[in-house]
>>> print(open('my_file.txt').read())   # compact mmCIF, C-alpha atoms (C1' of nucleotides) and all ligand atoms
# COMPACT_ATOMS: atom_id res chain seq x y z
CA MET A 20 0.00 0.00 0.00
CA LEU A 21 3.03 2.30 -0.27
CA LYS A 22 2.88 3.18 3.40
CA LEU A 23 5.63 3.60 5.94
CA SER A 24 5.50 1.09 8.78
CA LYS A 25 4.64 2.45 12.18
CA LYS A 26 7.96 1.18 13.48
CA ALA A 27 9.85 3.20 10.91
CA ASP A 28 7.72 6.18 11.80
CA TYR A 29 8.59 5.74 15.46
CA GLY A 30 12.23 5.45 14.50
CA LEU A 31 12.18 8.76 12.66
CA LEU A 32 10.44 10.43 15.55
CA ALA A 33 12.95 9.06 18.03
CA VAL A 34 16.04 9.93 16.02
CA ASN A 35 14.71 13.40 15.52
CA HIS A 36 14.15 13.71 19.24
CA LEU A 37 17.72 12.64 19.88
CA THR A 38 18.85 15.23 17.36
CA LEU A 39 16.94 17.99 19.07
CA TYR A 40 18.19 17.05 22.53
CA ARG A 41 21.64 15.83 21.62
CA SER A 42 23.24 18.42 23.89
CA GLN A 43 21.62 16.79 26.91
CA GLY A 44 23.32 13.41 26.56
CA SER A 45 21.46 10.14 26.43
CA VAL A 46 17.69 9.84 26.47
CA SER A 47 15.93 6.64 27.52
CA ALA A 48 13.36 4.81 25.43
CA ARG A 49 11.00 5.41 28.29
CA ASP A 50 11.34 9.17 28.07
CA ILE A 51 10.94 9.26 24.31
CA GLY A 52 7.98 6.95 24.49
CA LYS A 53 6.22 9.15 26.98
CA THR A 54 6.90 12.31 24.99
CA TYR A 55 5.27 11.01 21.84
CA ARG A 56 2.93 8.42 23.32
CA ILE A 57 4.76 5.54 21.70
CA PRO A 58 4.48 2.08 23.32
CA VAL A 59 7.77 1.86 25.19
CA GLY A 60 8.44 -1.83 24.64
CA LEU A 61 8.05 -1.48 20.93
CA LEU A 62 10.09 1.68 20.72
CA ALA A 63 12.88 -0.02 22.65
CA LYS A 64 13.21 -2.66 20.00
CA VAL A 65 13.20 -0.09 17.25
CA LEU A 66 15.99 1.80 18.98
CA GLN A 67 17.94 -1.41 19.47
CA ARG A 68 17.80 -2.03 15.77
CA LEU A 69 19.13 1.44 15.12
CA VAL A 70 22.01 0.74 17.46
CA GLN A 71 22.79 -2.48 15.60
CA LYS A 72 22.91 -0.56 12.36
CA GLY A 73 25.32 1.94 13.84
CA LEU A 74 23.03 4.96 13.79
CA LEU A 75 22.74 5.27 17.54
CA LYS A 76 24.85 4.40 20.54
CA SER A 77 23.36 3.07 23.73
CA GLU A 78 24.28 3.27 27.39
CA HIS A 79 23.10 0.71 29.88
CA GLY A 80 22.08 1.26 33.44
CA ALA A 81 20.58 4.14 35.36
CA ASN A 82 20.77 7.44 33.49
CA GLY A 83 21.50 5.44 30.39
CA GLY A 84 19.69 5.65 27.10
CA TYR A 85 20.41 6.43 23.50
CA ARG A 86 22.27 9.13 21.63
CA LEU A 87 23.26 9.74 18.03
CA ALA A 88 26.29 7.81 16.87
CA LYS A 89 27.30 10.60 14.50
CA PRO A 90 26.37 14.18 13.59
CA ALA A 91 22.78 14.70 12.48
CA GLU A 92 23.90 15.76 9.00
CA PHE A 93 25.10 12.25 8.39
CA ILE A 94 21.93 10.43 9.37
CA SER A 95 19.21 10.38 6.72
CA ALA A 96 15.59 9.34 6.79
CA LEU A 97 16.56 6.52 4.46
CA ASP A 98 19.11 5.25 6.96
CA VAL A 99 16.50 5.01 9.66
CA ILE A 100 13.77 3.52 7.50
CA SER A 101 15.94 0.90 5.88
CA ALA A 102 17.49 -0.02 9.21
CA ILE A 103 14.05 -0.88 10.51
CA ASP A 104 12.02 -2.03 7.53
CA GLY A 105 14.84 -3.32 5.37
CA PRO A 106 15.81 -1.98 1.96
CA VAL A 107 13.36 0.40 0.32
CA VAL A 108 11.95 -1.41 -2.70
CA ILE A 109 8.43 -0.60 -3.81
CA THR A 110 8.02 -3.70 -5.96
CA SER A 111 7.96 -7.40 -5.06
CA CYS A 112 10.06 -8.51 -8.01
CA LYS A 113 12.16 -10.68 -5.78
CA THR A 114 11.36 -11.70 -2.25
CA GLU A 115 12.77 -14.28 0.13
CA ARG A 116 10.38 -16.77 -1.47
CA GLY A 117 11.77 -16.48 -4.97
CA GLU A 118 10.96 -14.01 -7.67
CA CYS A 119 7.58 -12.81 -8.85
CA VAL A 120 6.10 -15.07 -11.55
CA GLN A 121 5.33 -12.09 -13.75
CA THR A 122 8.98 -11.09 -14.01
CA PRO A 123 9.78 -12.68 -17.39
CA ALA A 124 6.90 -10.94 -19.15
CA CYS A 125 6.83 -7.82 -17.00
CA THR A 126 6.89 -4.52 -18.88
CA VAL A 127 6.72 -2.16 -15.93
CA LYS A 128 9.63 -3.40 -13.89
CA GLU A 129 12.15 -0.94 -15.29
CA PRO A 130 9.95 2.15 -15.02
CA LEU A 131 9.11 1.23 -11.45
CA ARG A 132 12.76 0.78 -10.68
CA ARG A 133 13.33 4.37 -11.75
CA VAL A 134 10.53 5.61 -9.56
CA ASN A 135 12.09 3.64 -6.75
CA ASP A 136 15.40 5.37 -7.36
CA ARG A 137 13.75 8.73 -7.01
CA ILE A 138 12.15 7.78 -3.74
CA VAL A 139 15.44 6.55 -2.40
CA GLU A 140 17.06 9.75 -3.50
CA ALA A 141 14.43 11.86 -1.78
CA LEU A 142 14.78 9.94 1.46
CA SER A 143 18.55 9.88 1.46
CA SER A 144 18.77 13.61 0.82
CA LEU A 145 16.72 14.24 3.94
CA SER A 146 19.07 14.37 6.91
CA PHE A 147 18.02 15.14 10.44
CA ALA A 148 20.02 18.33 10.43
CA HIS A 149 17.88 19.14 7.46
CA ILE A 150 14.58 18.23 9.06
CA ASN A 151 15.03 20.62 11.94
CA ASN A 152 15.90 23.54 9.75
CA PRO A 153 12.62 25.44 9.49
CA THR A 154 13.39 26.61 5.98
CA PHE A 155 14.59 23.30 4.62
CA ARG A 156 14.00 22.14 1.10
CA LEU A 157 14.54 18.73 -0.34
CA ALA A 158 17.47 18.52 -2.69
CA ALA A 159 16.79 18.94 -6.39
CA ASN A 160 13.46 20.50 -5.73
CA MET B 17 6.54 -1.27 4.37
CA LEU B 18 6.56 1.25 1.50
CA LYS B 19 5.60 -1.41 -1.00
CA LEU B 20 3.18 -1.32 -3.87
CA SER B 21 0.25 -3.70 -3.51
CA LYS B 22 0.15 -6.60 -5.89
CA LYS B 23 -3.19 -5.38 -7.16
CA ALA B 24 -1.72 -2.03 -8.12
CA ASP B 25 1.14 -3.83 -9.76
CA TYR B 26 -1.30 -5.91 -11.78
CA GLY B 27 -3.15 -2.76 -12.71
CA LEU B 28 -0.03 -1.13 -14.08
CA LEU B 29 0.83 -4.24 -16.03
CA ALA B 30 -2.66 -4.44 -17.49
CA VAL B 31 -2.94 -0.80 -18.43
CA ASN B 32 0.44 -0.97 -20.07
CA HIS B 33 -0.69 -4.01 -22.00
CA LEU B 34 -3.77 -2.15 -23.19
CA THR B 35 -1.51 0.71 -24.21
CA LEU B 36 0.74 -1.55 -26.25
CA TYR B 37 -2.17 -3.28 -27.96
CA ARG B 38 -4.59 -0.38 -28.15
CA SER B 39 -4.73 -0.66 -31.94
CA GLN B 40 -6.29 -4.10 -31.65
CA GLY B 41 -9.42 -3.05 -29.80
CA SER B 42 -10.56 -4.56 -26.53
CA VAL B 43 -8.62 -7.21 -24.65
CA SER B 44 -10.27 -9.51 -22.10
CA ALA B 45 -9.14 -9.96 -18.53
CA ARG B 46 -8.65 -13.58 -19.40
CA ASP B 47 -6.14 -12.79 -22.14
CA ILE B 48 -4.19 -10.33 -20.05
CA GLY B 49 -4.16 -12.73 -17.15
CA LYS B 50 -2.74 -15.51 -19.27
CA THR B 51 -0.08 -13.27 -20.78
CA TYR B 52 1.38 -12.25 -17.44
CA ARG B 53 0.27 -15.19 -15.31
CA ILE B 54 -2.02 -13.05 -13.20
CA PRO B 55 -4.96 -14.79 -11.45
CA VAL B 56 -7.85 -13.91 -13.75
CA GLY B 57 -10.50 -13.43 -11.10
CA LEU B 58 -8.37 -10.98 -9.21
CA LEU B 59 -7.30 -9.12 -12.32
CA ALA B 60 -10.91 -8.78 -13.37
CA LYS B 61 -11.75 -6.89 -10.23
CA VAL B 62 -8.75 -4.66 -10.61
CA LEU B 63 -9.84 -3.80 -14.12
CA GLN B 64 -13.36 -3.15 -12.95
CA ARG B 65 -12.03 -0.63 -10.49
CA LEU B 66 -10.13 1.11 -13.25
CA VAL B 67 -13.32 1.32 -15.27
CA GLN B 68 -15.14 2.86 -12.31
CA LYS B 69 -12.44 5.49 -12.05
CA GLY B 70 -12.77 6.32 -15.72
CA LEU B 71 -9.36 5.12 -16.82
CA LEU B 72 -10.67 2.22 -18.90
CA LYS B 73 -13.81 1.41 -20.81
CA SER B 74 -15.30 -2.04 -20.88
CA GLU B 75 -17.34 -4.03 -23.36
CA HIS B 76 -19.53 -6.90 -22.27
CA GLY B 77 -20.14 -10.14 -24.09
CA ALA B 78 -18.16 -12.25 -26.50
CA ASN B 79 -15.20 -10.42 -28.03
CA GLY B 80 -15.60 -7.86 -25.27
CA GLY B 81 -12.95 -6.72 -22.86
CA TYR B 82 -11.19 -3.55 -21.83
CA ARG B 83 -9.57 -0.65 -23.63
CA LEU B 84 -8.11 2.69 -22.61
CA ALA B 85 -10.66 5.41 -21.97
CA LYS B 86 -8.23 8.10 -23.17
CA PRO B 87 -4.85 8.48 -24.84
CA ALA B 88 -1.94 6.87 -23.02
CA GLU B 89 -0.29 10.25 -22.44
CA PHE B 90 -3.12 11.17 -20.13
CA ILE B 91 -2.98 8.10 -17.91
CA SER B 92 -0.28 8.14 -15.26
CA ALA B 93 1.05 5.50 -12.92
CA LEU B 94 -0.39 7.57 -10.10
CA ASP B 95 -3.85 7.39 -11.66
CA VAL B 96 -3.74 3.62 -11.73
CA ILE B 97 -2.22 3.17 -8.29
CA SER B 98 -4.54 5.56 -6.53
CA ALA B 99 -7.55 4.12 -8.34
CA ILE B 100 -6.76 0.73 -6.86
CA ASP B 101 -5.05 1.39 -3.53
CA GLY B 102 -6.58 4.73 -2.73
CA PRO B 103 -4.67 8.00 -2.34
CA VAL B 104 -0.90 7.75 -2.08
CA VAL B 105 0.02 8.76 1.46
CA ILE B 106 3.09 7.25 3.05
CA THR B 107 2.15 8.19 6.59
CA SER B 108 -0.74 7.14 8.80
CA CYS B 109 -1.38 10.58 10.22
CA LYS B 110 -5.08 10.20 9.66
CA THR B 111 -6.92 6.99 8.89
CA GLU B 112 -10.55 5.99 8.81
CA ARG B 113 -10.20 5.28 12.52
CA GLY B 114 -9.21 8.77 13.56
CA GLU B 115 -5.83 10.40 13.61
CA CYS B 116 -2.54 9.04 14.88
CA VAL B 117 -2.02 9.73 18.61
CA GLN B 118 1.46 11.09 17.97
CA THR B 119 0.17 13.88 15.77
CA PRO B 120 0.13 16.70 18.34
CA ALA B 121 3.77 16.17 19.31
CA CYS B 122 5.00 14.89 15.95
CA THR B 123 8.06 16.62 14.55
CA VAL B 124 8.45 14.62 11.37
CA LYS B 125 5.02 15.04 9.87
CA GLU B 126 5.89 18.01 7.71
CA PRO B 127 9.15 16.62 6.33
CA LEU B 128 7.40 13.40 5.46
CA ARG B 129 4.66 15.30 3.74
CA ARG B 130 7.27 16.81 1.48
CA VAL B 131 8.73 13.44 0.68
CA ASN B 132 5.22 12.30 -0.10
CA ASP B 133 4.81 15.18 -2.50
CA ARG B 134 7.90 14.15 -4.35
CA ILE B 135 6.69 10.59 -4.69
CA VAL B 136 3.35 11.75 -5.99
CA GLU B 137 5.12 13.99 -8.43
CA ALA B 138 7.30 11.16 -9.68
CA LEU B 139 4.32 8.86 -10.16
CA SER B 140 2.13 11.44 -11.82
CA SER B 141 4.85 12.42 -14.26
CA LEU B 142 5.06 8.84 -15.43
CA SER B 143 2.46 8.32 -18.15
CA PHE B 144 2.01 5.13 -20.10
CA ALA B 145 3.06 6.84 -23.29
CA HIS B 146 6.19 7.60 -21.35
CA ILE B 147 6.73 4.08 -20.05
CA ASN B 148 6.82 2.55 -23.49
CA ASN B 149 9.31 5.05 -24.83
CA PRO B 150 12.61 3.18 -24.58
CA THR B 151 14.52 6.37 -23.89
CA PHE B 152 12.17 7.81 -21.34
CA ARG B 153 13.29 9.87 -18.38
CA LEU B 154 11.31 10.93 -15.38
CA ALA B 155 10.56 14.61 -15.31
CA ALA B 156 12.84 16.86 -13.28
CA ASN B 157 15.59 14.30 -13.30
C1' DG C 7 -29.78 -20.34 -26.55
C1' DA C 8 -24.91 -21.48 -25.98
C1' DA C 9 -20.60 -19.29 -25.28
C1' DT C 10 -18.07 -15.56 -23.65
C1' DA C 11 -17.57 -11.41 -21.46
C1' DT C 12 -17.94 -7.87 -17.47
C1' DA C 13 -20.03 -6.49 -12.57
C1' DG C 14 -19.89 -7.23 -8.06
C1' DG C 15 -20.38 -9.28 -3.63
C1' DA C 16 -19.11 -12.94 0.00
C1' DC C 17 -15.74 -15.52 1.71
C1' DT C 18 -11.19 -17.69 3.06
C1' DG C 19 -6.20 -18.43 4.20
C1' DG C 20 -2.17 -16.63 5.39
C1' DA C 21 1.39 -13.18 6.03
C1' DG C 22 2.84 -9.52 8.44
C1' DA C 23 2.29 -5.39 11.28
C1' DG C 24 1.82 -3.78 15.94
C1' DG C 25 2.30 -4.71 20.43
C1' DT C 26 3.25 -7.39 25.03
C1' DC C 27 5.98 -10.04 28.27
C1' DG C 28 9.70 -12.11 30.56
C1' DC C 29 14.43 -12.64 31.41
C1' DA C 30 19.32 -11.61 31.08
C1' DT C 31 22.72 -8.07 31.51
C1' DA C 32 24.87 -3.65 32.50
C1' DT C 33 25.24 0.61 35.25
C1' DG C 34 24.55 4.22 38.84
C1' DC C 35 23.11 5.39 43.54
C1' DT C 36 22.78 4.87 48.42
C1' DA D 2 25.73 -5.15 48.82
C1' DG D 3 21.43 -4.16 47.05
C1' DC D 4 18.11 -1.78 44.51
C1' DA D 5 16.33 0.93 40.74
C1' DT D 6 16.84 1.83 36.15
C1' DA D 7 18.59 0.95 31.69
C1' DT D 8 19.35 -1.81 27.30
C1' DG D 9 19.34 -6.51 24.66
C1' DC D 10 16.76 -10.04 22.94
C1' DG D 11 13.66 -13.62 21.99
C1' DA D 12 8.96 -15.73 22.35
C1' DC D 13 4.46 -14.87 21.81
C1' DC D 14 -0.12 -12.95 20.72
C1' DT D 15 -3.71 -10.49 18.24
C1' DC D 16 -5.68 -8.22 14.59
C1' DT D 17 -5.71 -6.23 10.18
C1' DC D 18 -5.36 -6.51 5.51
C1' DC D 19 -3.61 -8.47 1.26
C1' DA D 20 -4.20 -11.98 -2.17
C1' DG D 21 -6.95 -15.04 -4.08
C1' DT D 22 -11.32 -17.93 -4.87
C1' DC D 23 -16.07 -18.55 -5.83
C1' DC D 24 -20.66 -17.65 -7.02
C1' DT D 25 -24.34 -15.18 -9.18
C1' DA D 26 -26.24 -11.64 -12.21
C1' DT D 27 -26.06 -9.24 -16.44
C1' DA D 28 -24.75 -8.05 -21.17
C1' DT D 29 -23.32 -9.25 -25.92
C1' DT D 30 -22.15 -12.10 -29.96
C1' DC D 31 -23.04 -15.78 -33.03
S1 LIG E 201 5.14 -7.65 -11.78
FE1 LIG E 201 6.90 -6.75 -12.71
S2 LIG E 201 7.21 -5.11 -11.30
FE2 LIG E 201 5.62 -6.16 -10.26
S3 LIG E 201 6.86 -7.41 -9.02
FE3 LIG E 201 6.65 -8.76 -10.72
S4 LIG E 201 8.37 -8.12 -11.89
FE4 LIG E 201 8.43 -6.60 -10.33
S1 LIG E 202 3.71 10.01 13.81
FE1 LIG E 202 3.74 11.96 12.88
S2 LIG E 202 4.06 11.34 10.82
FE2 LIG E 202 3.80 9.40 11.73
S3 LIG E 202 1.65 9.23 11.40
FE3 LIG E 202 1.61 10.15 13.38
S4 LIG E 202 1.59 12.23 12.77
FE4 LIG E 202 1.90 11.32 10.82
>>> encode(input="my_file.txt", output="structure tokens")
Amino acid sequence: MLKLSKKADYGLLAVNHLTLYRSQGSVSARDIGKTYRIPVGLLAKVLQRLVQKGLLKSEHGANGGYRLAKPAEFISALDVISAIDGPVVITSCKTERGECVQTPACTVKEPLRRVNDRIVEALSSLSFAHINNPTFRLAAN
Amino acid sequence: MLKLSKKADYGLLAVNHLTLYRSQGSVSARDIGKTYRIPVGLLAKVLQRLVQKGLLKSEHGANGGYRLAKPAEFISALDVISAIDGPVVITSCKTERGECVQTPACTVKEPLRRVNDRIVEALSSLSFAHINNPTFRLAAN
DNA sequence: GAATATAGGACTGGAGAGGTCGCATATGCT
DNA sequence: AGCATATGCGACCTCTCCAGTCCTATATTC
């Protein structure tokens, strides 16, 4: 249905929160969850995934939490989304269960691939430094 | 998961088929289904939806089938996708069951809306006349 | 009237999204 | 030491929605 998963959405929200409050050190999943009314357990797993992918760093124990692993300019919406949902591909040409049976005769695969490229480009050109700039514009727009 | 539904995919394939063979009059769902190995019953309903939305015209009875309702230049990928899957919106800010509880505090809604705009633009600039031109390029690229 | 087509609704199975829980582990505070 | 608070991680559950089937009604051709 061409919709972002809620987990990816939560991820974007969380990373943006960490960007906004990066001067205050680590923030716990609990705090972020309360701020945006995100189920804490679920958010925790999203954040853990982002740590695995190297976008965030975590600190255990009391006063622990998460913080950005690198400057906000170098973290894009695409990074977050693909870390959580996997690679951004709008078609189902090939899945883990083999490739789509229409593939051999398919006439729209290439055009859709190009659309996909544009989406990827739009998402990767959107960094979190960018998002919080009130006058931001997407690249090539 | 930011993926096109299979129905929309089938719709694109079918409309493109009708574009390629538009000189030969109507084509039945059965024929299209066999060409691309699409379940005929499902394809039929997809095509019916496209008729309802005014993208195709249908003819009942033997030798009947579907044909484009207008020139291929005036039918875009967005037309087909939104006819089948509904409006293209990558977020779940508002659904039929009210609006997302994060909305009041959400800091990524606007940026995502802009990404959405770019996707819509890419899809609407992709007409079927365009798709079948071997040297096509997406607009603003 | 037989064959072939669309129109459209009801229904089903299964995958996956969204969310919960419990337990292990690490850290800070008193 | 002991407790509270964190993350890390896997198992599990529920519910929605996609994909696909089926059946019936209607329209058209031959
Ligand atoms: S139909 Fe064509 S585009 Fe759609 S998934 Fe199969 S191959 Fe990819
Ligand atoms: S979280 Fe923000 S962006 Fe995501 S759906 Fe709710 S409002 Fe829209």
>>> residues_near_ligand(input="my_file.txt", ligand="ligand LIG 201 (chain E)", cutoff="8 Å", atoms="only C-alpha atoms (C1' of nucleotides) and all ligand atoms", output="ChimeraX atom specification")
/A:110-113,118-129,131 /B:22,25-26,29
>>> residues_around(input="my_file.txt", residues="segment 58-70 of chain A", least_positions_apart="5", cutoff="7 Å", atoms="all atoms listed in the file", output="list of chain:residue names")
A:Lys26, A:Tyr29, A:Gly30, A:Ala48, A:Arg49, A:Gly52, A:Leu75, A:Lys76, A:Ser77, A:Ala102, A:Ile103, C:DG25
>>> residues_around(input="my_file.txt", residues="DT6 of chain D", least_positions_apart="2", cutoff="10 Å", atoms="only C-alpha atoms (C1' of nucleotides)", output="VMD selection string")
(chain A and resid 47 79 to 83) or (chain C and resid 33 to 34) or (chain D and resid 4 8)
>>> atom_distance(input="my_file.txt", atom1="atom CA of Arg137 of chain A", atom2="atom CA of Asn32 of chain B")
21.0 Å
>>> residues_around(input="my_file.txt", residues="DG19 of chain C", least_positions_apart="4", cutoff="12 Å", atoms="only C-alpha atoms (C1' of nucleotides)", output="list in words")
DC19, DA20, DG21 and DT22 of chain D
>>> residues_near_point(input="my_file.txt", point="(-21.5, -7.4, -17.4)", cutoff="9 Å", atoms="only C-alpha atoms (C1' of nucleotides)", output="list in words")
Ser74, Glu75, His76 and Gly77 of chain B; DA11, DT12 and DA13 of chain C; DA26, DT27, DA28 and DT29 of chain D
>>> residues_around(input="my_file.txt", residues="DT17 of chain D", least_positions_apart="6", cutoff="10 Å", atoms="all atoms listed in the file", output="PDB file with C-alpha atoms (C1' of nucleotides), keeping the file's coordinate frame")
ATOM      1  C1'  DG C  22       2.840  -9.520   8.440  1.00  0.00           C
ATOM      2  C1'  DA C  23       2.290  -5.390  11.280  1.00  0.00           C
ATOM      3  C1'  DG C  24       1.820  -3.780  15.940  1.00  0.00           C
TER       4       DG C  24
END
>>> build_atoms(input="my_file.txt", residues="segment 75-90 of chain A", atoms="N, CA, C and O atoms", output="PDB file, in the coordinates of the input")
ATOM      1  N   LEU A  75      22.787   4.770  16.173  1.00  0.00           N
ATOM      2  CA  LEU A  75      22.740   5.270  17.540  1.00  0.00           C
ATOM      3  C   LEU A  75      23.773   4.534  18.386  1.00  0.00           C
ATOM      4  O   LEU A  75      24.271   3.478  17.997  1.00  0.00           O
ATOM      5  N   LYS A  76      24.066   5.122  19.546  1.00  0.00           N
ATOM      6  CA  LYS A  76      24.850   4.400  20.540  1.00  0.00           C
ATOM      7  C   LYS A  76      24.014   4.332  21.808  1.00  0.00           C
ATOM      8  O   LYS A  76      23.232   5.239  22.091  1.00  0.00           O
ATOM      9  N   SER A  77      24.179   3.248  22.540  1.00  0.00           N
ATOM     10  CA  SER A  77      23.360   3.070  23.730  1.00  0.00           C
ATOM     11  C   SER A  77      24.225   3.032  24.976  1.00  0.00           C
ATOM     12  O   SER A  77      25.409   2.710  24.922  1.00  0.00           O
ATOM     13  N   GLU A  78      23.601   3.366  26.105  1.00  0.00           N
ATOM     14  CA  GLU A  78      24.280   3.270  27.390  1.00  0.00           C
ATOM     15  C   GLU A  78      23.369   2.562  28.373  1.00  0.00           C
ATOM     16  O   GLU A  78      22.237   2.984  28.581  1.00  0.00           O
ATOM     17  N   HIS A  79      23.892   1.509  28.930  1.00  0.00           N
ATOM     18  CA  HIS A  79      23.100   0.710  29.880  1.00  0.00           C
ATOM     19  C   HIS A  79      22.990   1.424  31.228  1.00  0.00           C
ATOM     20  O   HIS A  79      23.664   2.406  31.470  1.00  0.00           O
ATOM     21  N   GLY A  80      22.151   0.843  32.058  1.00  0.00           N
ATOM     22  CA  GLY A  80      22.080   1.260  33.440  1.00  0.00           C
ATOM     23  C   GLY A  80      21.364   2.580  33.693  1.00  0.00           C
ATOM     24  O   GLY A  80      20.925   3.255  32.767  1.00  0.00           O
ATOM     25  N   ALA A  81      21.247   2.913  34.953  1.00  0.00           N
ATOM     26  CA  ALA A  81      20.580   4.140  35.360  1.00  0.00           C
ATOM     27  C   ALA A  81      21.192   5.331  34.651  1.00  0.00           C
ATOM     28  O   ALA A  81      22.401   5.381  34.437  1.00  0.00           O
ATOM     29  N   ASN A  82      20.349   6.263  34.259  1.00  0.00           N
ATOM     30  CA  ASN A  82      20.770   7.440  33.490  1.00  0.00           C
ATOM     31  C   ASN A  82      21.313   7.083  32.110  1.00  0.00           C
ATOM     32  O   ASN A  82      21.931   7.904  31.461  1.00  0.00           O
ATOM     33  N   GLY A  83      21.070   5.859  31.722  1.00  0.00           N
ATOM     34  CA  GLY A  83      21.500   5.440  30.390  1.00  0.00           C
ATOM     35  C   GLY A  83      20.502   5.890  29.353  1.00  0.00           C
ATOM     36  O   GLY A  83      19.651   6.739  29.606  1.00  0.00           O
ATOM     37  N   GLY A  84      20.591   5.289  28.183  1.00  0.00           N
ATOM     38  CA  GLY A  84      19.690   5.650  27.100  1.00  0.00           C
ATOM     39  C   GLY A  84      20.388   5.622  25.769  1.00  0.00           C
ATOM     40  O   GLY A  84      21.372   4.916  25.589  1.00  0.00           O
ATOM     41  N   TYR A  85      19.866   6.420  24.858  1.00  0.00           N
ATOM     42  CA  TYR A  85      20.410   6.430  23.500  1.00  0.00           C
ATOM     43  C   TYR A  85      20.866   7.826  23.107  1.00  0.00           C
ATOM     44  O   TYR A  85      20.321   8.822  23.579  1.00  0.00           O
ATOM     45  N   ARG A  86      21.850   7.855  22.225  1.00  0.00           N
ATOM     46  CA  ARG A  86      22.270   9.130  21.630  1.00  0.00           C
ATOM     47  C   ARG A  86      22.728   8.855  20.206  1.00  0.00           C
ATOM     48  O   ARG A  86      22.999   7.712  19.826  1.00  0.00           O
ATOM     49  N   LEU A  87      22.838   9.905  19.420  1.00  0.00           N
ATOM     50  CA  LEU A  87      23.260   9.740  18.030  1.00  0.00           C
ATOM     51  C   LEU A  87      24.697   9.208  17.990  1.00  0.00           C
ATOM     52  O   LEU A  87      25.540   9.599  18.795  1.00  0.00           O
ATOM     53  N   ALA A  88      24.959   8.357  17.014  1.00  0.00           N
ATOM     54  CA  ALA A  88      26.290   7.810  16.870  1.00  0.00           C
ATOM     55  C   ALA A  88      27.179   8.718  16.029  1.00  0.00           C
ATOM     56  O   ALA A  88      28.395   8.570  16.003  1.00  0.00           O
ATOM     57  N   LYS A  89      26.542   9.670  15.342  1.00  0.00           N
ATOM     58  CA  LYS A  89      27.300  10.600  14.500  1.00  0.00           C
ATOM     59  C   LYS A  89      26.496  11.876  14.324  1.00  0.00           C
ATOM     60  O   LYS A  89      25.328  11.924  14.715  1.00  0.00           O
ATOM     61  N   PRO A  90      27.094  12.906  13.759  1.00  0.00           N
ATOM     62  CA  PRO A  90      26.370  14.180  13.590  1.00  0.00           C
ATOM     63  C   PRO A  90      25.088  14.001  12.786  1.00  0.00           C
ATOM     64  O   PRO A  90      25.012  13.150  11.897  1.00  0.00           O
TER      65      PRO A  90
END
